[in-house]
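Enquirer: Next comes the structure file data.csv, holding CSV, C-alpha atoms.
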chain,number,residue,atom,x,y,z
A,1,MET,CA,-3.5,5.1,19.3
A,2,SER,CA,-2.6,1.7,17.9
A,3,LEU,CA,0.9,1.4,16.5
A,4,PRO,CA,3.2,-1.4,15.4
A,5,MET,CA,4.7,-3.0,18.5
A,6,ASN,CA,8.2,-2.3,17.2
A,7,ASN,CA,7.3,1.4,17.0
A,8,LYS,CA,5.7,1.8,20.4
A,9,ASN,CA,9.1,2.7,21.9
A,10,LYS,CA,10.7,4.9,19.4
A,11,ASP,CA,14.5,5.0,19.3
A,12,ASP,CA,16.7,7.7,17.8
A,13,SER,CA,16.3,6.2,14.3
A,14,TYR,CA,12.6,6.8,14.3
A,15,LYS,CA,12.0,10.5,14.0
A,16,TYR,CA,8.8,12.1,15.0
A,17,CYS,CA,8.4,15.2,12.8
A,18,SER,CA,5.3,17.0,13.7
A,19,GLU,CA,1.7,16.9,14.7
A,20,TYR,CA,-0.4,19.9,13.8
A,21,ASP,CA,-3.8,19.0,15.1
A,22,ASP,CA,-6.0,16.2,16.4
A,23,TYR,CA,-6.5,14.7,13.0
A,24,TYR,CA,-3.1,14.3,11.3
A,25,SER,CA,0.4,13.3,12.1
A,26,TYR,CA,3.4,12.4,10.0
A,27,GLU,CA,6.3,10.2,11.0
A,28,LYS,CA,9.4,9.2,9.1
A,29,ALA,CA,12.0,6.5,9.9
A,30,SER,CA,14.2,7.0,6.9
A,31,LEU,CA,14.0,8.4,3.3
A,32,THR,CA,12.1,5.3,2.2
A,33,GLU,CA,9.8,4.7,5.2
A,34,CYS,CA,7.1,7.0,6.5
A,35,ARG,CA,3.6,6.9,8.0
A,36,PHE,CA,0.8,9.4,7.5
A,37,SER,CA,-2.1,9.2,10.0
A,38,VAL,CA,-5.4,11.0,9.9
A,39,LEU,CA,-8.7,11.2,11.9
A,40,ASP,CA,-7.2,10.2,15.2
A,41,ASP,CA,-5.3,7.3,13.7
A,42,GLU,CA,-8.4,5.7,12.3
A,43,ILE,CA,-6.6,5.4,8.9
A,44,SER,CA,-3.0,5.7,8.0
A,45,TYR,CA,-1.0,5.5,4.8
A,46,ASN,CA,2.4,3.7,5.1
A,47,ILE,CA,5.5,3.2,3.1
A,48,THR,CA,7.9,0.5,4.2
A,49,GLY,CA,11.2,-0.8,3.0
A,50,ASN,CA,12.5,-4.4,3.2
A,51,CYS,CA,11.7,-5.1,6.8
A,52,GLY,CA,9.7,-7.0,9.3
A,53,GLU,CA,7.1,-5.6,11.6
A,54,GLU,CA,5.0,-6.7,14.6
A,55,TYR,CA,1.5,-5.4,15.4
A,56,LEU,CA,-0.8,-5.6,18.4
A,57,PHE,CA,-3.9,-3.5,17.8
A,58,ASP,CA,-6.6,-2.5,20.3
A,59,ASP,CA,-9.3,-2.4,17.6
A,60,LEU,CA,-10.3,-4.4,14.6
A,61,LYS,CA,-8.0,-3.4,11.8
A,62,ALA,CA,-7.8,-4.0,8.0
A,63,MET,CA,-4.5,-3.7,6.1
A,64,ILE,CA,-4.9,-3.0,2.4
A,65,ILE,CA,-1.8,-3.7,0.3
A,66,LEU,CA,-1.5,-1.0,-2.4
A,67,THR,CA,1.5,-2.4,-4.4
A,68,ALA,CA,2.0,-6.0,-5.3
A,69,ALA,CA,4.2,-7.8,-2.8
A,70,ARG,CA,5.9,-11.0,-4.0
A,71,GLU,CA,6.5,-13.6,-1.3
A,72,PHE,CA,4.8,-11.6,1.4
A,73,GLN,CA,4.9,-13.3,4.8
A,74,TRP,CA,2.5,-13.0,7.7
A,75,LYS,CA,1.9,-14.8,11.0
A,76,ALA,CA,-1.1,-14.0,13.1
A,77,GLY,CA,-2.6,-15.2,16.4
A,78,GLY,CA,0.0,-17.8,17.1
A,79,GLY,CA,-0.7,-19.6,13.9
A,80,LYS,CA,1.7,-20.8,11.3
A,81,SER,CA,3.7,-18.4,9.1
A,82,GLU,CA,2.3,-18.1,5.6
A,83,THR,CA,4.1,-16.9,2.5
A,84,PHE,CA,2.1,-15.8,-0.6
A,85,ASN,CA,2.1,-13.4,-3.5
A,86,ALA,CA,-0.1,-10.4,-2.6
A,87,PRO,CA,-1.4,-8.4,-5.5
A,88,ALA,CA,-2.6,-4.8,-5.1
A,89,GLY,CA,-6.0,-4.9,-3.3
A,90,THR,CA,-5.1,-7.7,-0.9
A,91,VAL,CA,-6.9,-7.1,2.4
A,92,LEU,CA,-5.7,-8.6,5.7
A,93,PHE,CA,-8.1,-8.5,8.7
A,94,PHE,CA,-6.6,-8.3,12.3
A,95,PRO,CA,-9.0,-8.9,15.2
A,96,PRO,CA,-8.4,-6.9,18.4
A,97,GLN,CA,-5.6,-8.0,20.7
A,98,CYS,CA,-4.2,-10.3,18.0
A,99,GLU,CA,-0.4,-10.3,17.6
A,100,VAL,CA,0.6,-10.2,14.0
A,101,GLN,CA,4.0,-10.4,12.3
A,102,VAL,CA,4.5,-9.3,8.7
A,103,LYS,CA,7.6,-9.4,6.5
A,104,TRP,CA,7.8,-6.9,3.6
A,105,PRO,CA,10.1,-8.3,0.9
A,106,ALA,CA,10.6,-4.9,-0.8
A,107,ARG,CA,9.3,-1.3,-0.8
A,108,ASN,CA,5.6,-1.3,-0.3
A,109,GLU,CA,2.7,1.0,0.2
A,110,HIS,CA,-0.3,0.0,2.3
A,111,LEU,CA,-3.2,1.4,4.3
A,112,LEU,CA,-4.2,0.6,7.9
A,113,VAL,CA,-7.9,1.2,8.6
A,114,THR,CA,-9.8,0.9,11.9
A,115,LEU,CA,-13.1,-0.9,11.5
A,116,GLU,CA,-15.2,0.8,14.2
A,117,ARG,CA,-17.7,-1.4,16.1
A,118,LYS,CA,-20.4,1.3,15.9
A,119,LEU,CA,-20.0,1.6,12.1
A,120,ILE,CA,-20.3,-2.2,11.8
A,121,THR,CA,-23.4,-2.3,13.9
A,122,ASP,CA,-25.0,0.5,11.9
A,123,ILE,CA,-24.2,-1.2,8.5
A,124,PHE,CA,-25.7,-4.6,9.6
A,125,GLU,CA,-28.3,-3.1,12.0
A,126,ILE,CA,-27.2,-5.3,14.9
A,127,GLU,CA,-26.7,-4.5,18.6
A,128,ASP,CA,-25.1,-7.6,20.1
A,129,ALA,CA,-21.3,-7.1,20.5
A,130,HIS,CA,-20.9,-10.9,20.3
A,131,GLU,CA,-22.5,-10.9,16.9
A,132,VAL,CA,-20.1,-8.3,15.7
A,133,ALA,CA,-17.2,-10.4,16.9
A,134,THR,CA,-18.5,-13.4,14.9
A,135,LEU,CA,-18.0,-11.5,11.7
A,136,PHE,CA,-14.3,-11.4,12.2
A,137,PRO,CA,-13.5,-14.4,14.4
A,138,ALA,CA,-9.9,-14.8,13.3
A,139,PRO,CA,-7.2,-13.2,11.1
A,140,SER,CA,-8.2,-13.6,7.4
A,141,ARG,CA,-7.2,-12.3,4.0
A,142,TYR,CA,-8.7,-12.0,0.5
A,143,VAL,CA,-8.1,-10.0,-2.7
A,144,ASN,CA,-10.6,-7.3,-3.4
A,145,PRO,CA,-9.8,-5.4,-6.6
A,146,ARG,CA,-13.0,-3.2,-6.1
A,147,ILE,CA,-11.4,-1.7,-3.0
A,148,MET,CA,-8.7,0.0,-5.1
A,149,GLN,CA,-11.4,2.2,-6.7
A,150,VAL,CA,-12.0,3.8,-3.3
A,151,VAL,CA,-8.3,3.9,-2.5
A,152,ASP,CA,-7.6,5.8,-5.7
A,153,LEU,CA,-9.8,8.6,-4.3
A,154,LEU,CA,-8.6,8.4,-0.7
A,155,ARG,CA,-4.8,8.0,-1.2
A,156,PRO,CA,-4.1,11.5,-2.7
A,157,GLU,CA,-6.0,13.1,0.2
A,158,LEU,CA,-4.0,11.2,2.8
A,159,ILE,CA,-0.6,12.3,1.6
A,160,SER,CA,-1.4,15.7,0.1
A,161,ILE,CA,0.1,18.7,1.9
A,162,THR,CA,-2.6,21.0,0.7
A,163,PRO,CA,-5.7,21.7,2.9
A,164,VAL,CA,-8.5,19.2,2.8
A,165,MET,CA,-11.9,19.1,4.5
A,166,LYS,CA,-12.2,16.7,7.4
A,167,ALA,CA,-15.8,15.9,6.4
A,168,TYR,CA,-14.5,14.8,3.0
A,169,LEU,CA,-11.9,12.5,4.5
A,170,CYS,CA,-14.5,11.1,6.9
A,171,ALA,CA,-16.9,10.4,4.0
A,172,LEU,CA,-14.3,8.6,2.0
A,173,ARG,CA,-13.2,6.5,5.0
A,174,THR,CA,-16.8,5.5,5.7
A,175,VAL,CA,-17.2,4.3,2.1
A,176,LEU,CA,-13.9,2.4,2.4
A,177,VAL,CA,-14.9,0.7,5.6
A,178,THR,CA,-18.4,-0.2,4.3
A,179,VAL,CA,-16.9,-1.8,1.1
A,180,LEU,CA,-14.4,-3.7,3.3
A,181,ILE,CA,-17.1,-5.1,5.6
A,182,LYS,CA,-19.7,-5.9,3.0
A,183,ASP,CA,-17.3,-7.6,0.6
A,184,HIS,CA,-15.7,-9.5,3.5
A,185,THR,CA,-19.0,-10.9,4.6
A,186,THR,CA,-20.1,-11.8,1.1
A,187,LEU,CA,-16.9,-13.7,0.4
A,188,ARG,CA,-17.2,-15.6,3.7
A,189,GLU,CA,-20.7,-16.6,2.9
A,190,HIS,CA,-20.3,-17.2,-0.8
A,191,PRO,CA,-16.7,-18.0,-1.6
A,192,PRO,CA,-15.8,-18.2,-5.3
A,193,ASN,CA,-16.1,-21.7,-6.7
A,194,SER,CA,-13.2,-21.5,-9.1
A,195,PRO,CA,-10.9,-18.6,-8.6
A,196,ALA,CA,-9.2,-17.4,-11.7
A,197,LYS,CA,-5.6,-18.5,-12.0
A,198,GLY,CA,-2.7,-16.2,-12.7
A,199,LEU,CA,0.8,-17.1,-13.7
A,200,SER,CA,2.6,-20.0,-12.2
A,201,ASP,CA,5.3,-19.2,-9.6
A,202,GLN,CA,8.0,-20.1,-12.1
A,203,ALA,CA,6.5,-17.8,-14.8
A,204,ALA,CA,5.9,-15.0,-12.4
A,205,HIS,CA,9.5,-15.0,-11.2
A,206,LYS,CA,10.7,-15.2,-14.8
A,207,ILE,CA,8.7,-12.2,-16.0
A,208,GLU,CA,9.5,-10.2,-12.9
A,209,ASP,CA,13.2,-10.8,-13.3
A,210,TYR,CA,12.9,-9.8,-17.0
A,211,LEU,CA,11.1,-6.6,-16.2
A,212,ARG,CA,13.5,-5.7,-13.4
A,213,ALA,CA,16.5,-6.2,-15.7
A,214,ASN,CA,14.9,-4.2,-18.6
A,215,PHE,CA,12.6,-1.6,-17.2
A,216,GLY,CA,14.8,1.2,-18.6
A,217,GLN,CA,14.0,0.1,-22.1
A,218,LYS,CA,10.8,0.2,-24.1
A,219,ILE,CA,9.1,-3.2,-23.7
A,220,SER,CA,5.9,-4.1,-25.6
A,221,ILE,CA,3.2,-6.5,-24.3
A,222,PRO,CA,4.0,-9.0,-27.1
A,223,GLU,CA,7.6,-9.0,-26.0
A,224,MET,CA,6.7,-9.7,-22.4
A,225,ALA,CA,4.3,-12.5,-23.5
A,226,ALA,CA,7.1,-13.9,-25.7
A,227,VAL,CA,9.4,-14.2,-22.7
A,228,LEU,CA,6.9,-16.7,-21.2
A,229,GLY,CA,6.0,-18.3,-24.6
A,230,ILE,CA,2.3,-17.5,-24.2
A,231,SER,CA,-0.1,-15.4,-26.2
A,232,THR,CA,-0.8,-11.7,-25.5
A,233,GLY,CA,-4.4,-12.5,-24.8
A,234,HIS,CA,-3.4,-15.1,-22.1
A,235,PHE,CA,-0.5,-13.0,-20.7
A,236,LEU,CA,-2.5,-9.8,-19.9
A,237,PRO,CA,-5.2,-11.2,-17.6
A,238,SER,CA,-2.8,-13.7,-16.1
A,239,PHE,CA,-0.3,-10.9,-15.2
A,240,ARG,CA,-3.0,-8.8,-13.6
A,241,ARG,CA,-4.4,-11.7,-11.5
A,242,THR,CA,-0.8,-12.4,-10.3
A,243,PHE,CA,0.4,-8.9,-9.6
A,244,GLY,CA,-2.8,-6.9,-9.1
A,245,GLN,CA,-1.5,-4.4,-11.7
A,246,THR,CA,-1.2,-4.1,-15.5
A,247,PRO,CA,2.2,-4.7,-17.0
A,248,HIS,CA,2.4,-0.9,-17.7
A,249,GLN,CA,1.6,-0.1,-14.0
A,250,TYR,CA,4.2,-2.6,-12.8
A,251,LEU,CA,6.9,-1.1,-15.2
A,252,LEU,CA,6.0,2.4,-14.0
A,253,MET,CA,6.5,1.3,-10.4
A,254,LEU,CA,10.0,-0.1,-11.2
A,255,ARG,CA,10.9,3.1,-13.0
A,256,LEU,CA,9.7,5.3,-10.2
A,257,ASP,CA,11.6,3.2,-7.7
A,258,GLU,CA,14.8,3.6,-9.7
A,259,ALA,CA,14.4,7.3,-10.2
A,260,GLU,CA,13.8,7.8,-6.4
A,261,ARG,CA,16.9,5.7,-5.6
A,262,CYS,CA,19.1,7.6,-8.0
A,263,LEU,CA,17.8,11.0,-6.6
A,264,ARG,CA,18.5,9.9,-3.0
A,265,GLU,CA,21.8,8.1,-3.5
A,266,THR,CA,23.6,9.8,-6.5
A,267,ASP,CA,24.5,13.2,-7.8
A,268,LEU,CA,23.6,12.4,-11.3
A,269,SER,CA,21.8,15.0,-13.4
A,270,LEU,CA,18.0,14.8,-13.6
A,271,GLN,CA,18.3,14.2,-17.3
A,272,GLU,CA,20.6,11.3,-16.8
A,273,ILE,CA,18.4,9.8,-14.0
A,274,ALA,CA,15.4,10.1,-16.3
A,275,ARG,CA,17.2,8.3,-19.1
A,276,ARG,CA,18.4,5.5,-16.8
A,277,SER,CA,14.9,5.1,-15.3
A,278,GLY,CA,13.2,4.7,-18.7
A,279,PHE,CA,11.5,8.1,-18.9
A,280,SER,CA,11.5,10.0,-22.1
A,281,SER,CA,12.7,13.3,-20.5
A,282,GLN,CA,13.4,15.1,-17.3
A,283,ASN,CA,10.0,16.8,-17.5
A,284,HIS,CA,8.3,13.4,-18.1
A,285,MET,CA,9.9,12.0,-15.0
A,286,THR,CA,9.0,15.0,-12.9
A,287,THR,CA,5.3,14.8,-14.0
A,288,VAL,CA,5.0,11.1,-13.3
A,289,LEU,CA,6.7,11.5,-9.9
A,290,ARG,CA,4.3,14.2,-8.9
A,291,LYS,CA,1.2,12.3,-10.2
A,292,ASN,CA,2.1,8.9,-8.7
A,293,ARG,CA,4.3,9.6,-5.7
A,294,PHE,CA,3.1,13.1,-4.9
A,295,THR,CA,6.7,14.4,-4.8
A,296,THR,CA,9.3,16.0,-7.2
A,297,PRO,CA,13.0,15.4,-7.9
A,298,GLY,CA,13.8,18.6,-5.9
A,299,MET,CA,11.8,17.5,-2.9
A,300,ILE,CA,13.6,14.1,-2.9
A,301,ARG,CA,17.0,15.7,-3.2
A,302,ARG,CA,16.3,18.1,-0.3
A,303,MET,CA,15.1,15.1,1.9
A,304,ARG,CA,18.7,13.9,1.9
A,305,ALA,CA,19.5,16.6,4.4
A,306,GLY,CA,16.9,15.3,6.8
A,307,PRO,CA,13.2,14.5,7.1
A,308,PRO,CA,10.8,17.2,6.1
A,309,MET,CA,8.3,18.9,8.4
A,310,ALA,CA,4.7,18.2,7.6
A,311,THR,CA,2.5,21.1,6.6
A,312,ARG,CA,-0.8,19.4,6.6
A,313,ILE,CA,-4.0,21.4,7.4
A,314,ILE,CA,-7.4,19.8,7.8
A,315,ALA,CA,-10.3,22.2,8.1
Now that the file is in, can you turn its structure into structure tokens?
Expert:
Amino acid sequence: MSLPMNNKNKDDSYKYCSEYDDYYSYEKASLTECRFSVLDDEISYNITGNCGEEYLFDDLKAMIILTAAREFQWKAGGGKSETFNAPAGTVLFFPPQCEVQVKWPARNEHLLVTLERKLITDIFEIEDAHEVATLFPAPSRYVNPRIMQVVDLLRPELISITPVMKAYLCALRTVLVTVLIKDHTTLREHPPNSPAKGLSDQAAHKIEDYLRANFGQKISIPEMAAVLGISTGHFLPSFRRTFGQTPHQYLLMLRLDEAERCLRETDLSLQEIARRSGFSSQNHMTTVLRKNRFTTPGMIRRMRAGPPMATRIIA
């Protein structure tokens, strides 16, 4: 099993909760950090806080960033540290035995996926191990919005506590790996001539600060565009290229983060938390939490007493 280097020797702050069979395990370091692994650690869904991590994997791995990460940092294979804005759908490739350091600037969700040699050889109909290695000679990254379509199907299955068929998970993972490999090869051989530009760093920071300060209020797209002094037609595609999300999705992420924070750290009523977080009602907040974070206010409040036990069953 490949794990982050800083988690190979767990201390008392990193709680192992349970492992019910050979296909699934759940670990939780705090109320805001956890790791769900399925299919013998071939794929895992991770939530991290503001932290740094070091990885050393035995196999070829891909990390898929699921929520936009501003000023994300990584350093791989003894190279120079790189800081960039990573929209949702950013994919990082880690060759075997390559030491990687990453720094998450804020709460983030990501997948770690093993790219099996056998699956790669089957897809490209090759047998030479050296030829497989040439496909991923060094750590690399690119943005693949298409991968999020597969992630949208896979993510609920990874973190659901209801029974799910192992065959279904395997099929989704195979599709995910196939898209990763094919798109990676295509981009290496035919890189885009003129990648579309998003917001400038100054504009991105400005709109991000504005949304973080006002997410509890109703904000229209024209109001957001006016903050930057640009047209709505220019703002919408530029925002999505920069953050990998629509403005509505980004606002929803901020509201959910605030709701979860209040539920964990305060004793405010659910109605007051919903109001502060920008939801129209307590029921609206509960519905959105269940749909997007697969949890409820009651579950988050109960977690304050300690990490929950996983009840995952894979048939």
Enquirer: Taking 5 positions as the minimum chain separation for residues in the same chain, which residues sit within 10 Å of stretch 67-79 of chain A when counting only C-alpha atoms? Answer as a PyMOL selection string.
Expert: chain A and resi 52-56+84-90+92-95+97-110+138-140+201+204-205+208+242-245+249-250+253
Enquirer: For A:Arg275, which residue among A:Glu223, A:Pro237, A:Arg173, A:Phe215 is the nearest when counting only C-alpha atoms?
Expert: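 Once distances to A:Arg275 are computed over only C-alpha atoms, the minimum belongs to A:Phe215.
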Enquirer: To one decimal place, how far is atom CA of A:Lys61 from atom CA of A:Ala167 in Å?
Expert: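 Separation between atom CA of A:Lys61 and atom CA of A:Ala167: 21.5 Å.
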Enquirer: If I take atom CA of A:Ser277 and atom CA of A:Arg255, how far is one from the other in Å, to one decimal?
Expert: 5.0 Å
Enquirer: Identify which of the residues A:Asn50, A:Asn214, A:Thr114, A:Asn144 lies closest to A:Arg241, counting all atoms listed in the file when measuring atom-to-atom distances.
Expert: A:Asn144
Enquirer: One number please: atom CA of A:Met224 to atom CA of A:Leu66, in Å, one decimal.
Expert: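 If I compute the distance from atom CA of A:Met224 to atom CA of A:Leu66, I get 23.3 Å.
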Enquirer: Considering only C-alpha atoms, state which residue in the set A:Leu180, A:Leu236, A:Glu82, A:Asp267 is at the smallest distance from A:Met148.
Expert: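 Result for the nearest residue to A:Met148: A:Leu180.
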Enquirer: For A:Ala226, work out the shell of residues within 12 Å, counting only C-alpha atoms and skipping chain neighbours fewer than 3 positions away, then give it as a list in words.
Expert: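 My reading of the contact set: Ala203, Lys206, Ile207, Tyr210, Ile219, Ser220, Ile221, Pro222, Glu223, Gly229, Ile230, Ser231, Thr232, Gly233, His234, Phe235 and Leu236 of chain A.
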Enquirer: So that I can check the surroundings of A:Lys218, please list as a list in words every protein, DNA and RNA residue that reaches within 10 Å of it, counting all atoms listed in the file and ignoring chain neighbours fewer than 5 positions away.
Expert: Glu223, Leu251, Gly278 and Phe279 of chain A
Enquirer: Measuring between only C-alpha atoms, which one of A:Leu268, A:Leu176, A:Val288, A:Leu60 shows the shortest distance to A:Gln149?
Expert: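 Counting only C-alpha atoms, the residue closest to A:Gln149 is A:Leu176.
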Enquirer: May I ask which of the residues A:Ser281, A:Thr295, A:Thr287, A:Asn46 is the closest one to A:Leu158, counting all atoms listed in the file?
Expert: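 Checking each of A:Ser281, A:Thr295, A:Thr287, A:Asn46 against A:Leu158, counting all atoms listed in the file, the winner is A:Asn46.
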Enquirer: At a cut-off of 12 Å from (13.2, 5.4, -6.1) in the coordinates of the file, what residues are picked up using only C-alpha atoms, written as number ranges by chain?
Expert: A: 31-33, 49, 106-108, 252-266, 273-274, 276-277, 285, 289, 292-293, 295-297, 300-301
